[in-house]
>>> print(open('target_6.json').read())   # JSON, C-alpha atoms
[["chain", "number", "residue", "atom", "x", "y", "z"],
["S", 1, "MET", "CA", 30.24, -77.49, -10.10],
["S", 2, "ARG", "CA", 28.67, -77.02, -6.66],
["S", 3, "THR", "CA", 32.06, -77.30, -4.93],
["S", 4, "VAL", "CA", 33.50, -74.54, -7.14],
["S", 5, "ILE", "CA", 30.63, -72.23, -6.21],
["S", 6, "LYS", "CA", 31.22, -72.84, -2.49],
["S", 7, "HIS", "CA", 34.89, -72.02, -2.93],
["S", 8, "ILE", "CA", 34.00, -68.84, -4.78],
["S", 9, "ASN", "CA", 31.59, -67.80, -2.04],
["S", 10, "PHE", "CA", 34.22, -68.50, 0.61],
["S", 11, "PHE", "CA", 36.99, -66.79, -1.36],
["S", 12, "ILE", "CA", 35.28, -63.45, -1.94],
["S", 13, "PHE", "CA", 36.29, -60.80, 0.53],
["S", 14, "ALA", "CA", 34.85, -58.32, 2.93],
["S", 15, "LEU", "CA", 35.54, -54.69, 2.08],
["S", 16, "THR", "CA", 36.18, -51.89, 4.47],
["S", 17, "LEU", "CA", 36.59, -48.25, 3.58],
["S", 18, "LEU", "CA", 39.36, -46.29, 5.21],
["S", 19, "LEU", "CA", 39.23, -42.53, 5.43],
["S", 20, "VAL", "CA", 42.19, -40.20, 5.53],
["S", 21, "GLY", "CA", 41.14, -36.57, 5.79],
["S", 22, "THR", "CA", 42.88, -33.63, 4.19],
["S", 23, "ASP", "CA", 42.59, -31.97, 7.59],
["S", 24, "VAL", "CA", 42.69, -34.82, 10.10],
["S", 25, "ALA", "CA", 42.07, -32.59, 13.12],
["S", 26, "PHE", "CA", 38.55, -31.81, 11.87],
["S", 27, "ALA", "CA", 37.80, -34.99, 9.96],
["S", 28, "GLN", "CA", 34.72, -37.06, 10.70],
["S", 29, "ALA", "CA", 34.21, -40.61, 9.56],
["S", 30, "PRO", "CA", 32.06, -40.91, 6.45],
["S", 31, "VAL", "CA", 28.70, -42.62, 6.41],
["S", 32, "VAL", "CA", 29.23, -45.86, 4.47],
["S", 33, "ILE", "CA", 26.38, -48.07, 3.24],
["S", 34, "PHE", "CA", 27.22, -51.47, 1.74],
["S", 35, "GLU", "CA", 24.67, -53.08, -0.57],
["S", 36, "GLU", "CA", 25.66, -56.40, 1.04],
["S", 37, "THR", "CA", 27.90, -57.05, 4.06],
["S", 38, "PRO", "CA", 30.36, -58.60, 3.29],
["S", 39, "LEU", "CA", 30.07, -57.32, -0.23],
["S", 40, "PHE", "CA", 30.19, -60.62, -2.18],
["S", 41, "LEU", "CA", 29.83, -63.38, 0.42],
["S", 42, "ASP", "CA", 26.56, -64.84, -0.88],
["S", 43, "ALA", "CA", 27.21, -64.32, -4.59],
["S", 44, "ASN", "CA", 26.68, -67.50, -6.62],
["S", 45, "ILE", "CA", 29.19, -66.92, -9.40],
["S", 46, "GLN", "CA", 29.69, -69.48, -12.13],
["S", 47, "PRO", "CA", 32.18, -69.27, -15.03],
["S", 48, "GLY", "CA", 31.09, -66.46, -17.35],
["S", 49, "ASP", "CA", 29.07, -64.64, -14.63],
["S", 50, "SER", "CA", 29.51, -61.16, -13.20],
["S", 51, "VAL", "CA", 28.08, -59.76, -9.98],
["S", 52, "SER", "CA", 28.00, -56.06, -9.11],
["S", 53, "ARG", "CA", 27.55, -54.55, -5.67],
["S", 54, "THR", "CA", 27.51, -50.92, -4.60],
["S", 55, "VAL", "CA", 28.96, -48.97, -1.71],
["S", 56, "THR", "CA", 27.56, -45.51, -1.02],
["S", 57, "VAL", "CA", 29.71, -43.03, 0.91],
["S", 58, "THR", "CA", 28.56, -39.69, 2.32],
["S", 59, "ASN", "CA", 31.03, -37.18, 3.75],
["S", 60, "SER", "CA", 29.24, -35.80, 6.80],
["S", 61, "GLY", "CA", 32.36, -33.92, 7.91],
["S", 62, "THR", "CA", 33.28, -30.28, 7.57],
["S", 63, "THR", "CA", 36.26, -30.81, 5.23],
["S", 64, "GLU", "CA", 37.08, -32.55, 1.98],
["S", 65, "GLN", "CA", 38.21, -36.14, 2.58],
["S", 66, "GLU", "CA", 40.41, -38.68, 0.76],
["S", 67, "LEU", "CA", 38.77, -42.12, 0.51],
["S", 68, "TYR", "CA", 40.61, -45.43, 0.31],
["S", 69, "VAL", "CA", 39.37, -48.98, -0.11],
["S", 70, "SER", "CA", 41.11, -51.80, 1.70],
["S", 71, "THR", "CA", 40.36, -55.47, 2.24],
["S", 72, "ALA", "CA", 39.81, -57.51, 5.38],
["S", 73, "ASN", "CA", 39.86, -61.26, 5.99],
["S", 74, "VAL", "CA", 41.66, -61.90, 2.73],
["S", 75, "PHE", "CA", 42.89, -65.28, 1.58],
["S", 76, "SER", "CA", 42.89, -67.00, -1.78],
["S", 77, "THR", "CA", 42.03, -70.52, -2.83],
["S", 78, "GLY", "CA", 43.61, -69.91, -6.24],
["S", 79, "LEU", "CA", 40.58, -68.16, -7.74],
["S", 80, "GLY", "CA", 42.18, -64.78, -7.06],
["S", 81, "GLU", "CA", 44.55, -65.44, -9.94],
["S", 82, "VAL", "CA", 41.70, -65.58, -12.47],
["S", 83, "MET", "CA", 38.68, -63.85, -10.93],
["S", 84, "GLU", "CA", 38.47, -60.20, -11.99],
["S", 85, "ILE", "CA", 37.33, -57.10, -10.14],
["S", 86, "VAL", "CA", 36.57, -53.59, -11.35],
["S", 87, "VAL", "CA", 36.02, -50.69, -8.93],
["S", 88, "ASP", "CA", 34.45, -47.59, -10.43],
["S", 89, "SER", "CA", 32.20, -44.62, -9.92],
["S", 90, "ILE", "CA", 30.51, -42.47, -12.54],
["S", 91, "GLY", "CA", 33.22, -41.50, -15.00],
["S", 92, "SER", "CA", 36.19, -42.92, -13.04],
["S", 93, "THR", "CA", 37.73, -46.39, -12.76],
["S", 94, "TYR", "CA", 39.86, -46.89, -9.64],
["S", 95, "PHE", "CA", 40.95, -50.49, -10.14],
["S", 96, "THR", "CA", 40.68, -53.16, -12.80],
["S", 97, "GLY", "CA", 42.45, -56.52, -12.58],
["S", 98, "VAL", "CA", 42.36, -59.85, -10.77],
["S", 99, "PHE", "CA", 41.57, -60.21, -7.07],
["S", 100, "ASP", "CA", 45.13, -61.23, -6.11],
["S", 101, "ASP", "CA", 46.41, -57.91, -7.51],
["S", 102, "PHE", "CA", 43.58, -56.02, -5.80],
["S", 103, "PHE", "CA", 44.49, -57.59, -2.45],
["S", 104, "ALA", "CA", 48.17, -56.77, -2.96],
["S", 105, "ASP", "CA", 47.53, -53.17, -4.06],
["S", 106, "THR", "CA", 45.26, -52.06, -1.20],
["S", 107, "PRO", "CA", 44.74, -49.51, 0.11],
["S", 108, "ILE", "CA", 43.58, -48.03, -3.20],
["S", 109, "SER", "CA", 42.61, -44.37, -3.42],
["S", 110, "LEU", "CA", 39.01, -43.64, -4.38],
["S", 111, "GLY", "CA", 39.74, -39.95, -4.69],
["S", 112, "LEU", "CA", 38.36, -36.95, -2.87],
["S", 113, "ILE", "CA", 34.84, -36.49, -1.53],
["S", 114, "GLY", "CA", 33.67, -32.98, -0.70],
["S", 115, "MET", "CA", 31.87, -32.04, 2.49],
["S", 116, "GLY", "CA", 28.22, -33.05, 2.27],
["S", 117, "GLU", "CA", 28.89, -34.98, -0.96],
["S", 118, "THR", "CA", 27.65, -38.52, -1.62],
["S", 119, "LYS", "CA", 29.38, -40.93, -4.02],
["S", 120, "MET", "CA", 28.37, -44.42, -5.12],
["S", 121, "PHE", "CA", 31.09, -46.93, -5.99],
["S", 122, "THR", "CA", 30.45, -50.13, -7.94],
["S", 123, "PHE", "CA", 32.49, -53.29, -7.29],
["S", 124, "LYS", "CA", 32.05, -55.77, -10.14],
["S", 125, "ALA", "CA", 33.38, -59.31, -9.77],
["S", 126, "THR", "CA", 33.68, -61.51, -12.88],
["S", 127, "LEU", "CA", 34.67, -65.14, -13.24],
["S", 128, "PRO", "CA", 35.82, -65.57, -16.86],
["S", 129, "SER", "CA", 34.53, -68.55, -18.85]]
>>> encode(input="target_6.json", output="structure tokens")
Amino acid sequence: MRTVIKHINFFIFALTLLLVGTDVAFAQAPVVIFEETPLFLDANIQPGDSVSRTVTVTNSGTTEQELYVSTANVFSTGLGEVMEIVVDSIGSTYFTGVFDDFFADTPISLGLIGMGETKMFTFKATLPS
């Protein structure tokens, strides 16, 4: 079982947030705070477990912004076909599915964030039993 856990730790990805502004000429990068960096690197996930991590984004710019999530340093050891991920924020789900689909579908829109607004996103990884 220990080998599986090491593969899971190594498989989980680093997340980066991309920002595309509605008015790019005046857009400023958001302030992004990851609960862990990379988000799931040290998670000890065993079959039947779930781990949640948060990312908090504040729009410090002067215009409304469109947020996207994308992945970096992505590769799969086969767990991406079964390991599930859900990305949500209060009242909205932006992605639900397995990691391989998440990797293939990025960038994924996280919607709009108003100037001065702060949003918290939850990324929940689950390894089914």
>>> residues_around(input="target_6.json", residues="Phe99 in chain S", least_positions_apart="6", cutoff="9 Å", atoms="only C-alpha atoms", output="count of residues only")
10
>>> atom_distance(input="target_6.json", atom1="CA of Leu110 in chain S", atom2="CA of Val69 in chain S")
6.8 Å
>>> closest_residue(input="target_6.json", among="S:Thr96, S:Lys119, S:Thr71, S:Ser60", to="Leu39 in chain S", atoms="only C-alpha atoms")
S:Thr71
>>> atom_distance(input="target_6.json", atom1="CA of Gly111 in chain S", atom2="CA of Val31 in chain S")
15.9 Å
>>> closest_residue(input="target_6.json", among="S:Leu127, S:Thr122, S:Thr77, S:Phe103", to="Glu35 in chain S", atoms="all atoms listed in the file")
S:Thr122
>>> residues_around(input="target_6.json", residues="Phe34 in chain S", least_positions_apart="2", cutoff="7 Å", atoms="all atoms listed in the file", output="number ranges by chain")
S: 32, 36-37, 39, 54-56
>>> closest_residue(input="target_6.json", among="S:Glu64, S:Val98, S:Pro30, S:Ser70", to="Pro128 in chain S", atoms="only C-alpha atoms")
S:Val98
>>> closest_residue(input="target_6.json", among="S:Asp101, S:Pro107, S:Phe123, S:Val87", to="Glu66 in chain S", atoms="only C-alpha atoms")
S:Pro107
>>> closest_residue(input="target_6.json", among="S:Lys124, S:Phe95, S:Thr62, S:Gly116", to="Phe40 in chain S", atoms="all atoms listed in the file")
S:Lys124
>>> closest_residue(input="target_6.json", among="S:Met120, S:Ser92, S:Leu67, S:Thr126", to="Ile108 in chain S", atoms="all atoms listed in the file")
S:Leu67
>>> atom_distance(input="target_6.json", atom1="CA of Asp49 in chain S", atom2="CA of Tyr94 in chain S")
21.4 Å
>>> decode(input="target_6.json", residues="range 87-116 of chain S", atoms="N, CA, C and O atoms", output="compact mmCIF listing (two decimals), in the first residue's frame")
# COMPACT_ATOMS: atom_id res chain seq x y z
N VAL S 87 -14.19 20.86 -8.48
CA VAL S 87 -13.79 22.24 -8.25
C VAL S 87 -15.07 23.04 -8.06
O VAL S 87 -15.93 23.06 -8.95
N ASP S 88 -15.19 23.68 -6.88
CA ASP S 88 -16.40 24.46 -6.65
C ASP S 88 -16.12 25.67 -5.78
O ASP S 88 -15.04 25.84 -5.24
N SER S 89 -17.13 26.52 -5.73
CA SER S 89 -17.16 27.68 -4.86
C SER S 89 -18.60 27.76 -4.37
O SER S 89 -19.48 27.09 -4.94
N ILE S 90 -18.87 28.53 -3.39
CA ILE S 90 -20.21 28.57 -2.81
C ILE S 90 -21.27 28.69 -3.90
O ILE S 90 -21.30 29.67 -4.65
N GLY S 91 -22.09 27.64 -4.00
CA GLY S 91 -23.20 27.66 -4.94
C GLY S 91 -22.89 27.33 -6.39
O GLY S 91 -23.79 27.25 -7.20
N SER S 92 -21.64 27.13 -6.75
CA SER S 92 -21.29 26.83 -8.14
C SER S 92 -20.26 25.71 -8.20
O SER S 92 -19.29 25.71 -7.44
N THR S 93 -20.48 24.77 -9.12
CA THR S 93 -19.50 23.71 -9.39
C THR S 93 -18.94 23.97 -10.78
O THR S 93 -19.69 24.10 -11.74
N TYR S 94 -17.61 24.05 -10.88
CA TYR S 94 -16.95 24.38 -12.14
C TYR S 94 -16.43 23.16 -12.88
O TYR S 94 -16.28 23.19 -14.09
N PHE S 95 -16.13 22.11 -12.12
CA PHE S 95 -15.69 20.86 -12.75
C PHE S 95 -15.97 19.71 -11.80
O PHE S 95 -15.76 19.82 -10.60
N THR S 96 -16.39 18.60 -12.38
CA THR S 96 -16.49 17.34 -11.64
C THR S 96 -16.18 16.22 -12.61
O THR S 96 -16.70 16.20 -13.73
N GLY S 97 -15.27 15.33 -12.23
CA GLY S 97 -14.85 14.24 -13.10
C GLY S 97 -13.54 13.67 -12.63
O GLY S 97 -13.09 13.95 -11.52
N VAL S 98 -12.89 12.89 -13.49
CA VAL S 98 -11.59 12.31 -13.14
C VAL S 98 -10.47 13.26 -13.56
O VAL S 98 -10.66 14.14 -14.40
N PHE S 99 -9.30 13.06 -12.96
CA PHE S 99 -8.17 13.95 -13.21
C PHE S 99 -7.77 14.00 -14.69
O PHE S 99 -7.45 15.07 -15.21
N ASP S 100 -7.77 12.85 -15.38
CA ASP S 100 -7.39 12.86 -16.80
C ASP S 100 -8.27 13.81 -17.59
O ASP S 100 -7.79 14.55 -18.45
N ASP S 101 -9.58 13.83 -17.31
CA ASP S 101 -10.49 14.75 -18.00
C ASP S 101 -10.22 16.19 -17.59
O ASP S 101 -10.27 17.10 -18.41
N PHE S 102 -9.92 16.39 -16.31
CA PHE S 102 -9.58 17.74 -15.83
C PHE S 102 -8.36 18.28 -16.56
O PHE S 102 -8.35 19.41 -17.05
N PHE S 103 -7.32 17.45 -16.66
CA PHE S 103 -6.10 17.86 -17.36
C PHE S 103 -6.40 18.21 -18.81
O PHE S 103 -5.91 19.20 -19.34
N ALA S 104 -7.22 17.39 -19.46
CA ALA S 104 -7.53 17.59 -20.88
C ALA S 104 -8.42 18.80 -21.12
O ALA S 104 -8.33 19.43 -22.18
N ASP S 105 -9.25 19.15 -20.14
CA ASP S 105 -10.22 20.24 -20.32
C ASP S 105 -9.70 21.62 -19.93
O ASP S 105 -10.38 22.62 -20.14
N THR S 106 -8.52 21.71 -19.32
CA THR S 106 -8.03 23.03 -18.90
C THR S 106 -7.54 23.83 -20.09
O THR S 106 -7.07 23.24 -21.07
N PRO S 107 -7.68 25.14 -20.06
CA PRO S 107 -8.16 25.93 -18.93
C PRO S 107 -9.68 25.84 -18.77
O PRO S 107 -10.42 25.73 -19.74
N ILE S 108 -10.11 25.89 -17.51
CA ILE S 108 -11.53 25.82 -17.15
C ILE S 108 -11.91 27.14 -16.52
O ILE S 108 -11.25 27.63 -15.60
N SER S 109 -13.00 27.72 -17.01
CA SER S 109 -13.45 29.01 -16.49
C SER S 109 -13.97 28.86 -15.06
O SER S 109 -14.72 27.93 -14.75
N LEU S 110 -13.56 29.78 -14.21
CA LEU S 110 -14.07 29.87 -12.85
C LEU S 110 -15.01 31.06 -12.70
O LEU S 110 -15.34 31.47 -11.59
N GLY S 111 -15.39 31.63 -13.83
CA GLY S 111 -16.36 32.72 -13.81
C GLY S 111 -15.72 34.08 -13.60
O GLY S 111 -14.51 34.25 -13.66
N LEU S 112 -16.59 35.04 -13.35
CA LEU S 112 -16.16 36.43 -13.17
C LEU S 112 -15.91 36.74 -11.70
O LEU S 112 -16.56 36.18 -10.82
N ILE S 113 -14.97 37.65 -11.47
CA ILE S 113 -14.72 38.16 -10.12
C ILE S 113 -14.70 39.69 -10.23
O ILE S 113 -13.98 40.25 -11.05
N GLY S 114 -15.54 40.33 -9.44
CA GLY S 114 -15.65 41.78 -9.49
C GLY S 114 -14.47 42.47 -8.85
O GLY S 114 -13.72 41.88 -8.08
N MET S 115 -14.30 43.76 -9.17
CA MET S 115 -13.17 44.50 -8.59
C MET S 115 -13.34 44.55 -7.08
O MET S 115 -14.44 44.75 -6.56
N GLY S 116 -12.26 44.27 -6.36
CA GLY S 116 -12.27 44.25 -4.91
C GLY S 116 -12.89 43.00 -4.31
O GLY S 116 -12.87 42.82 -3.09
